[in-house]
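Visitor: Enclosed is the structure file my_file32.tsv (TSV, all heavy atoms).
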chain	number	residue	atom	x	y	z
A	1	MET	N	277.65	75.42	-43.71
A	1	MET	CA	277.29	76.78	-44.01
A	1	MET	C	277.41	77.61	-42.74
A	1	MET	O	277.00	77.19	-41.68
A	1	MET	CB	275.86	76.82	-44.55
A	1	MET	CG	275.48	78.17	-45.09
A	1	MET	SD	273.86	78.17	-45.87
A	1	MET	CE	273.99	76.85	-47.01
A	2	THR	N	277.97	78.78	-42.86
A	2	THR	CA	278.14	79.64	-41.70
A	2	THR	C	277.01	80.64	-41.59
A	2	THR	O	276.31	80.93	-42.57
A	2	THR	CB	279.48	80.40	-41.77
A	2	THR	OG1	279.43	81.25	-42.91
A	2	THR	CG2	280.65	79.46	-41.86
A	3	ASP	N	276.83	81.20	-40.40
A	3	ASP	CA	275.84	82.24	-40.19
A	3	ASP	C	276.49	83.57	-40.53
A	3	ASP	O	277.18	84.16	-39.70
A	3	ASP	CB	275.35	82.21	-38.74
A	3	ASP	CG	274.32	83.28	-38.47
A	3	ASP	OD1	273.82	83.90	-39.44
A	3	ASP	OD2	274.00	83.50	-37.30
A	4	LEU	N	276.30	84.05	-41.75
A	4	LEU	CA	276.96	85.26	-42.19
A	4	LEU	C	276.45	86.50	-41.47
A	4	LEU	O	277.16	87.49	-41.36
A	4	LEU	CB	276.81	85.44	-43.69
A	4	LEU	CG	277.54	84.41	-44.54
A	4	LEU	CD1	277.29	84.68	-46.01
A	4	LEU	CD2	279.03	84.44	-44.26
A	5	ALA	N	275.23	86.47	-40.96
A	5	ALA	CA	274.70	87.62	-40.24
A	5	ALA	C	275.56	87.93	-39.02
A	5	ALA	O	275.69	89.09	-38.62
A	5	ALA	CB	273.26	87.36	-39.82
A	6	ALA	N	276.17	86.94	-38.42
A	6	ALA	CA	277.02	87.16	-37.25
A	6	ALA	C	278.29	87.91	-37.61
A	6	ALA	O	278.92	88.53	-36.76
A	6	ALA	CB	277.36	85.82	-36.60
A	7	ASP	N	278.67	87.90	-38.89
A	7	ASP	CA	279.89	88.56	-39.33
A	7	ASP	C	279.71	90.05	-39.62
A	7	ASP	O	280.68	90.77	-39.77
A	7	ASP	CB	280.44	87.89	-40.59
A	7	ASP	CG	280.89	86.46	-40.31
A	7	ASP	OD1	281.21	86.16	-39.14
A	7	ASP	OD2	280.90	85.66	-41.25
A	8	PHE	N	278.46	90.50	-39.74
A	8	PHE	CA	278.19	91.89	-40.09
A	8	PHE	C	277.97	92.73	-38.84
A	8	PHE	O	277.35	92.28	-37.88
A	8	PHE	CB	276.96	91.99	-40.99
A	8	PHE	CG	277.18	91.41	-42.35
A	8	PHE	CD1	276.60	90.20	-42.70
A	8	PHE	CD2	277.98	92.05	-43.27
A	8	PHE	CE1	276.79	89.66	-43.95
A	8	PHE	CE2	278.18	91.51	-44.53
A	8	PHE	CZ	277.60	90.32	-44.87
A	9	PRO	N	278.45	93.97	-38.85
A	9	PRO	CA	278.18	94.86	-37.71
A	9	PRO	C	276.68	95.10	-37.56
A	9	PRO	O	275.93	95.02	-38.51
A	9	PRO	CB	278.89	96.16	-38.10
A	9	PRO	CG	279.85	95.79	-39.18
A	9	PRO	CD	279.28	94.58	-39.86
A	10	THR	N	276.25	95.40	-36.37
A	10	THR	CA	274.82	95.59	-36.11
A	10	THR	C	274.22	96.74	-36.90
A	10	THR	O	273.02	96.76	-37.15
A	10	THR	CB	274.56	95.82	-34.61
A	10	THR	OG1	275.35	96.92	-34.18
A	10	THR	CG2	274.90	94.59	-33.80
A	11	GLU	N	275.02	97.70	-37.34
A	11	GLU	CA	274.48	98.80	-38.13
A	11	GLU	C	273.92	98.34	-39.47
A	11	GLU	O	273.14	99.02	-40.11
A	11	GLU	CB	275.52	99.89	-38.36
A	11	GLU	CG	276.67	99.42	-39.23
A	11	GLU	CD	278.01	99.96	-38.78
A	11	GLU	OE1	278.27	100.00	-37.58
A	11	GLU	OE2	278.79	100.35	-39.66
A	12	TYR	N	274.32	97.14	-39.93
A	12	TYR	CA	273.80	96.60	-41.18
A	12	TYR	C	272.61	95.67	-40.95
A	12	TYR	O	272.09	95.09	-41.88
A	12	TYR	CB	274.89	95.84	-41.93
A	12	TYR	CG	276.04	96.74	-42.36
A	12	TYR	CD1	277.32	96.54	-41.88
A	12	TYR	CD2	275.82	97.79	-43.25
A	12	TYR	CE1	278.35	97.36	-42.27
A	12	TYR	CE2	276.86	98.61	-43.64
A	12	TYR	CZ	278.13	98.40	-43.15
A	12	TYR	OH	279.15	99.21	-43.54
A	13	ALA	N	272.15	95.57	-39.74
A	13	ALA	CA	271.05	94.64	-39.44
A	13	ALA	C	269.75	95.03	-40.15
A	13	ALA	O	268.88	94.20	-40.34
A	13	ALA	CB	270.82	94.58	-37.93
A	14	VAL	N	269.61	96.28	-40.54
A	14	VAL	CA	268.39	96.72	-41.21
A	14	VAL	C	268.35	96.35	-42.69
A	14	VAL	O	267.31	96.49	-43.33
A	14	VAL	CB	268.19	98.25	-41.05
A	14	VAL	CG1	268.00	98.61	-39.59
A	14	VAL	CG2	269.35	99.01	-41.65
A	15	ILE	N	269.45	95.90	-43.24
A	15	ILE	CA	269.49	95.53	-44.66
A	15	ILE	C	268.66	94.27	-44.86
A	15	ILE	O	268.86	93.26	-44.21
A	15	ILE	CB	270.93	95.31	-45.14
A	15	ILE	CG1	271.71	96.62	-45.04
A	15	ILE	CG2	270.96	94.77	-46.56
A	15	ILE	CD1	273.18	96.48	-45.33
A	16	GLN	N	267.69	94.37	-45.77
A	16	GLN	CA	266.80	93.24	-46.04
A	16	GLN	C	267.04	92.61	-47.41
A	16	GLN	O	266.61	91.50	-47.67
A	16	GLN	CB	265.35	93.67	-45.93
A	16	GLN	CG	264.98	94.11	-44.54
A	16	GLN	CD	263.53	94.54	-44.47
A	16	GLN	OE1	262.81	94.55	-45.46
A	16	GLN	NE2	263.09	94.90	-43.29
A	17	ARG	N	267.70	93.35	-48.30
A	17	ARG	CA	267.85	92.84	-49.65
A	17	ARG	C	269.20	93.26	-50.22
A	17	ARG	O	269.62	94.40	-50.06
A	17	ARG	CB	266.75	93.39	-50.54
A	17	ARG	CG	266.79	92.89	-51.95
A	17	ARG	CD	265.62	93.40	-52.76
A	17	ARG	NE	264.40	92.87	-52.17
A	17	ARG	CZ	263.23	93.49	-52.19
A	17	ARG	NH1	263.12	94.66	-52.77
A	17	ARG	NH2	262.18	92.95	-51.65
A	18	VAL	N	269.84	92.33	-50.88
A	18	VAL	CA	271.08	92.60	-51.60
A	18	VAL	C	270.89	92.09	-53.01
A	18	VAL	O	270.50	90.94	-53.20
A	18	VAL	CB	272.30	91.90	-50.94
A	18	VAL	CG1	273.55	92.09	-51.77
A	18	VAL	CG2	272.50	92.38	-49.52
A	19	MET	N	271.14	92.93	-53.98
A	19	MET	CA	270.98	92.51	-55.37
A	19	MET	C	272.34	92.44	-56.03
A	19	MET	O	273.16	93.33	-55.87
A	19	MET	CB	270.08	93.48	-56.12
A	19	MET	CG	268.67	93.50	-55.59
A	19	MET	SD	267.60	94.60	-56.51
A	19	MET	CE	267.39	93.66	-58.00
A	20	THR	N	272.57	91.35	-56.74
A	20	THR	CA	273.79	91.20	-57.52
A	20	THR	C	273.41	90.83	-58.94
A	20	THR	O	272.31	90.34	-59.20
A	20	THR	CB	274.70	90.10	-56.94
A	20	THR	OG1	274.04	88.84	-57.06
A	20	THR	CG2	275.06	90.36	-55.50
A	21	TYR	N	274.29	91.09	-59.83
A	21	TYR	CA	274.05	90.76	-61.24
A	21	TYR	C	275.25	89.96	-61.74
A	21	TYR	O	276.36	90.48	-61.78
A	21	TYR	CB	273.89	92.04	-62.07
A	21	TYR	CG	272.71	92.86	-61.64
A	21	TYR	CD1	272.86	93.86	-60.68
A	21	TYR	CD2	271.45	92.61	-62.17
A	21	TYR	CE1	271.77	94.60	-60.27
A	21	TYR	CE2	270.36	93.36	-61.76
A	21	TYR	CZ	270.53	94.35	-60.82
A	21	TYR	OH	269.46	95.09	-60.41
A	22	ASN	N	275.01	88.70	-62.06
A	22	ASN	CA	276.08	87.84	-62.54
A	22	ASN	C	275.59	87.05	-63.74
A	22	ASN	O	274.46	86.59	-63.77
A	22	ASN	CB	276.52	86.86	-61.45
A	22	ASN	CG	277.14	87.58	-60.28
A	22	ASN	OD1	278.14	88.26	-60.43
A	22	ASN	ND2	276.55	87.46	-59.11
A	23	ALA	N	276.47	86.87	-64.69
A	23	ALA	CA	276.15	86.06	-65.86
A	23	ALA	C	275.95	84.61	-65.43
A	23	ALA	O	276.60	84.13	-64.51
A	23	ALA	CB	277.26	86.15	-66.89
A	24	GLU	N	275.04	83.94	-66.10
A	24	GLU	CA	274.78	82.53	-65.78
A	24	GLU	C	276.02	81.68	-65.95
A	24	GLU	O	276.20	80.67	-65.26
A	24	GLU	CB	273.66	82.01	-66.69
A	24	GLU	CG	273.13	80.66	-66.29
A	24	GLU	CD	271.92	80.26	-67.11
A	24	GLU	OE1	271.19	81.14	-67.58
A	24	GLU	OE2	271.72	79.05	-67.26
A	25	GLU	N	276.93	82.11	-66.82
A	25	GLU	CA	278.16	81.36	-67.05
A	25	GLU	C	279.20	81.61	-65.96
A	25	GLU	O	280.21	80.92	-65.88
A	25	GLU	CB	278.79	81.76	-68.40
A	25	GLU	CG	277.92	81.49	-69.59
A	25	GLU	CD	276.91	82.60	-69.85
A	25	GLU	OE1	277.06	83.71	-69.29
A	25	GLU	OE2	275.96	82.36	-70.61
A	26	ASN	N	278.99	82.60	-65.11
A	26	ASN	CA	279.96	82.98	-64.08
A	26	ASN	C	279.72	82.12	-62.83
A	26	ASN	O	279.25	82.59	-61.81
A	26	ASN	CB	279.84	84.47	-63.76
A	26	ASN	CG	280.99	84.98	-62.94
A	26	ASN	OD1	281.75	84.21	-62.36
A	26	ASN	ND2	281.12	86.29	-62.87
A	27	GLU	N	280.05	80.86	-62.94
A	27	GLU	CA	279.77	79.89	-61.89
A	27	GLU	C	280.43	80.25	-60.55
A	27	GLU	O	279.85	80.04	-59.49
A	27	GLU	CB	280.23	78.50	-62.34
A	27	GLU	CG	279.76	77.39	-61.45
A	27	GLU	CD	280.10	76.03	-62.04
A	27	GLU	OE1	280.03	75.87	-63.27
A	27	GLU	OE2	280.42	75.14	-61.25
A	28	HIS	N	281.62	80.82	-60.61
A	28	HIS	CA	282.33	81.19	-59.36
A	28	HIS	C	281.51	82.20	-58.55
A	28	HIS	O	281.29	82.01	-57.36
A	28	HIS	CB	283.71	81.75	-59.70
A	28	HIS	CG	284.47	82.23	-58.51
A	28	HIS	ND1	285.00	81.36	-57.58
A	28	HIS	CD2	284.74	83.47	-58.06
A	28	HIS	CE1	285.59	82.07	-56.62
A	28	HIS	NE2	285.45	83.35	-56.90
A	29	MET	N	281.05	83.26	-59.18
A	29	MET	CA	280.28	84.28	-58.46
A	29	MET	C	278.91	83.76	-58.05
A	29	MET	O	278.41	84.09	-56.98
A	29	MET	CB	280.14	85.55	-59.29
A	29	MET	CG	281.42	86.36	-59.39
A	29	MET	SD	282.14	86.80	-57.78
A	29	MET	CE	280.87	87.80	-57.08
A	30	LEU	N	278.30	82.95	-58.87
A	30	LEU	CA	276.99	82.39	-58.51
A	30	LEU	C	277.12	81.51	-57.27
A	30	LEU	O	276.26	81.53	-56.39
A	30	LEU	CB	276.41	81.60	-59.68
A	30	LEU	CG	276.02	82.44	-60.89
A	30	LEU	CD1	275.60	81.54	-62.03
A	30	LEU	CD2	274.93	83.43	-60.55
A	31	THR	N	278.21	80.77	-57.16
A	31	THR	CA	278.45	79.94	-55.98
A	31	THR	C	278.60	80.81	-54.74
A	31	THR	O	278.05	80.49	-53.68
A	31	THR	CB	279.72	79.09	-56.18
A	31	THR	OG1	279.52	78.26	-57.33
A	31	THR	CG2	280.00	78.22	-54.97
A	32	ILE	N	279.31	81.92	-54.86
A	32	ILE	CA	279.46	82.84	-53.73
A	32	ILE	C	278.10	83.37	-53.29
A	32	ILE	O	277.81	83.49	-52.10
A	32	ILE	CB	280.42	83.99	-54.10
A	32	ILE	CG1	281.84	83.44	-54.23
A	32	ILE	CG2	280.35	85.12	-53.08
A	32	ILE	CD1	282.83	84.42	-54.78
A	33	ASN	N	277.23	83.69	-54.23
A	33	ASN	CA	275.91	84.21	-53.90
A	33	ASN	C	275.01	83.16	-53.25
A	33	ASN	O	274.18	83.49	-52.41
A	33	ASN	CB	275.22	84.76	-55.14
A	33	ASN	CG	275.86	86.03	-55.64
A	33	ASN	OD1	276.57	86.71	-54.91
A	33	ASN	ND2	275.62	86.37	-56.88
A	34	VAL	N	275.17	81.93	-53.62
A	34	VAL	CA	274.32	80.86	-53.08
A	34	VAL	C	274.72	80.50	-51.65
A	34	VAL	O	273.88	80.16	-50.83
A	34	VAL	CB	274.36	79.63	-54.00
A	34	VAL	CG1	273.70	78.43	-53.35
A	34	VAL	CG2	273.67	79.95	-55.32
A	35	LYS	N	275.99	80.61	-51.30
A	35	LYS	CA	276.46	80.20	-49.97
A	35	LYS	C	275.70	80.88	-48.83
A	35	LYS	O	275.33	80.22	-47.88
A	35	LYS	CB	277.96	80.42	-49.83
A	35	LYS	CG	278.76	79.35	-50.52
A	35	LYS	CD	280.23	79.47	-50.23
A	35	LYS	CE	280.97	78.33	-50.90
A	35	LYS	NZ	282.37	78.30	-50.55
A	36	PRO	N	275.46	82.19	-48.89
A	36	PRO	CA	274.71	82.81	-47.78
A	36	PRO	C	273.20	82.67	-47.97
A	36	PRO	O	272.42	83.46	-47.43
A	36	PRO	CB	275.15	84.27	-47.81
A	36	PRO	CG	275.55	84.52	-49.20
A	36	PRO	CD	276.07	83.20	-49.74
A	37	CYS	N	272.76	81.70	-48.75
A	37	CYS	CA	271.35	81.40	-48.97
A	37	CYS	C	270.64	82.43	-49.84
A	37	CYS	O	269.43	82.56	-49.76
A	37	CYS	CB	270.61	81.23	-47.65
A	37	CYS	SG	271.28	79.91	-46.65
A	38	PHE	N	271.38	83.16	-50.67
A	38	PHE	CA	270.73	84.01	-51.66
A	38	PHE	C	270.23	83.12	-52.77
A	38	PHE	O	270.82	82.09	-53.07
A	38	PHE	CB	271.70	85.04	-52.24
A	38	PHE	CG	272.18	86.07	-51.26
A	38	PHE	CD1	273.52	86.36	-51.14
A	38	PHE	CD2	271.29	86.75	-50.45
A	38	PHE	CE1	273.97	87.32	-50.26
A	38	PHE	CE2	271.73	87.71	-49.55
A	38	PHE	CZ	273.07	88.00	-49.46
A	39	GLY	N	269.18	83.51	-53.41
A	39	GLY	CA	268.67	82.74	-54.52
A	39	GLY	C	268.23	83.66	-55.64
A	39	GLY	O	267.99	84.84	-55.43
A	40	PRO	N	268.12	83.13	-56.84
A	40	PRO	CA	267.72	83.97	-57.96
A	40	PRO	C	266.26	84.40	-57.84
A	40	PRO	O	265.42	83.65	-57.37
A	40	PRO	CB	267.92	83.06	-59.18
A	40	PRO	CG	267.90	81.68	-58.64
A	40	PRO	CD	268.37	81.76	-57.23
A	41	VAL	N	265.99	85.62	-58.26
A	41	VAL	CA	264.62	86.13	-58.27
A	41	VAL	C	264.19	86.52	-59.67
A	41	VAL	O	263.05	86.87	-59.90
A	41	VAL	CB	264.43	87.32	-57.32
A	41	VAL	CG1	264.61	86.90	-55.88
A	41	VAL	CG2	265.34	88.47	-57.66
A	42	GLY	N	265.10	86.48	-60.60
A	42	GLY	CA	264.78	86.84	-61.97
A	42	GLY	C	266.01	86.72	-62.84
A	42	GLY	O	267.09	86.39	-62.37
A	43	HIS	N	265.81	87.00	-64.09
A	43	HIS	CA	266.94	86.99	-65.00
A	43	HIS	C	266.72	88.05	-66.07
A	43	HIS	O	265.61	88.51	-66.28
A	43	HIS	CB	267.18	85.61	-65.62
A	43	HIS	CG	266.08	85.17	-66.54
A	43	HIS	ND1	264.96	84.55	-66.08
A	43	HIS	CD2	265.95	85.27	-67.88
A	43	HIS	CE1	264.16	84.28	-67.10
A	43	HIS	NE2	264.74	84.71	-68.20
A	44	ASP	N	267.77	88.41	-66.71
A	44	ASP	CA	267.74	89.43	-67.73
A	44	ASP	C	268.54	88.91	-68.91
A	44	ASP	O	269.51	88.18	-68.73
A	44	ASP	CB	268.38	90.71	-67.17
A	44	ASP	CG	268.13	91.92	-68.03
A	44	ASP	OD1	267.34	91.84	-68.99
A	44	ASP	OD2	268.74	92.97	-67.76
A	45	GLY	N	268.15	89.26	-70.07
A	45	GLY	CA	268.89	88.80	-71.24
A	45	GLY	C	269.07	89.91	-72.26
A	45	GLY	O	268.32	90.88	-72.27
A	46	GLU	N	270.06	89.75	-73.07
A	46	GLU	CA	270.32	90.70	-74.14
A	46	GLU	C	270.50	89.92	-75.43
A	46	GLU	O	271.07	88.84	-75.44
A	46	GLU	CB	271.58	91.51	-73.85
A	46	GLU	CG	271.45	92.40	-72.62
A	46	GLU	CD	272.70	93.22	-72.37
A	46	GLU	OE1	273.48	93.44	-73.33
A	46	GLU	OE2	272.89	93.63	-71.25
A	47	TRP	N	270.02	90.51	-76.50
A	47	TRP	CA	270.13	89.88	-77.82
A	47	TRP	C	270.85	90.84	-78.75
A	47	TRP	O	270.74	92.06	-78.62
A	47	TRP	CB	268.74	89.59	-78.37
A	47	TRP	CG	268.00	88.56	-77.58
A	47	TRP	CD1	267.35	88.74	-76.40
A	47	TRP	CD2	267.88	87.19	-77.88
A	47	TRP	NE1	266.81	87.58	-75.95
A	47	TRP	CE2	267.12	86.59	-76.84
A	47	TRP	CE3	268.33	86.40	-78.92
A	47	TRP	CZ2	266.81	85.25	-76.85
A	47	TRP	CZ3	267.99	85.05	-78.91
A	47	TRP	CH2	267.25	84.50	-77.88
A	48	GLN	N	271.57	90.28	-79.67
A	48	GLN	CA	272.28	91.09	-80.65
A	48	GLN	C	272.03	90.49	-82.03
A	48	GLN	O	272.18	89.28	-82.23
A	48	GLN	CB	273.78	91.09	-80.37
A	48	GLN	CG	274.60	91.87	-81.33
A	48	GLN	CD	276.08	91.85	-81.00
A	48	GLN	OE1	276.51	91.13	-80.11
A	48	GLN	NE2	276.86	92.62	-81.71
A	49	LYS	N	271.62	91.34	-82.94
A	49	LYS	CA	271.42	90.88	-84.31
A	49	LYS	C	272.51	91.49	-85.17
A	49	LYS	O	272.68	92.71	-85.23
A	49	LYS	CB	270.06	91.34	-84.84
A	49	LYS	CG	269.82	90.88	-86.25
A	49	LYS	CD	268.44	91.29	-86.74
A	49	LYS	CE	268.24	90.81	-88.16
A	49	LYS	NZ	266.90	91.15	-88.66
A	50	ARG	N	273.26	90.64	-85.83
A	50	ARG	CA	274.32	91.11	-86.72
A	50	ARG	C	273.72	91.30	-88.12
A	50	ARG	O	273.08	90.39	-88.65
A	50	ARG	CB	275.48	90.13	-86.74
A	50	ARG	CG	276.11	90.03	-85.38
A	50	ARG	CD	277.24	89.05	-85.38
A	50	ARG	NE	277.70	88.88	-84.02
A	50	ARG	CZ	278.95	88.93	-83.64
A	50	ARG	NH1	279.89	89.10	-84.54
A	50	ARG	NH2	279.28	88.76	-82.39
A	51	THR	N	273.92	92.45	-88.66
A	51	THR	CA	273.33	92.74	-89.96
A	51	THR	C	274.30	92.54	-91.11
A	51	THR	O	273.89	92.57	-92.27
A	51	THR	CB	272.81	94.20	-89.98
A	51	THR	OG1	273.89	95.08	-89.70
A	51	THR	CG2	271.70	94.37	-88.97
A	52	LYS	N	275.55	92.36	-90.82
A	52	LYS	CA	276.53	92.13	-91.90
A	52	LYS	C	277.47	91.03	-91.53
A	52	LYS	O	277.81	90.76	-90.47
A	52	LYS	CB	277.32	93.40	-92.19
A	52	LYS	CG	276.45	94.44	-92.81
A	52	LYS	CD	277.29	95.63	-93.20
A	52	LYS	CE	276.37	96.66	-93.84
A	52	LYS	NZ	277.07	97.68	-94.52
Show me the file's structure as structure tokens.
Guide:
Amino acid sequence: MTDLAADFPTEYAVIQRVMTYNAEENEHMLTINVKPCFGPVGHDGEWQKRTK
């Protein structure tokens, strides 16, 4: 694992939180988010009821 903070300019040093929204099925993007040690903090779901 690399130290991603070293890759960012110092002007971004004040950033404390980055939020992303990815479907649980989107394994590729979830892997990208986990590499810099991001972790899930919640989840959201949607339901659809078909009436016909």
Visitor: So how many Å separate atom CA of A:Gly45 and atom CB of A:His28, to one decimal?
Guide: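 Separation between atom CA of A:Gly45 and atom CB of A:His28: 20.1 Å.
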Visitor: In Å, how far is it from atom N of A:Ala13 to atom CA of A:Gly42?
Guide: 25.0 Å
Visitor: Please report the interatomic distance between atom CA of A:Thr31 and atom CA of A:Val18 in Å with one decimal.
Guide: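 Value for the atom CA of A:Thr31-atom CA of A:Val18 distance: 15.3 Å.
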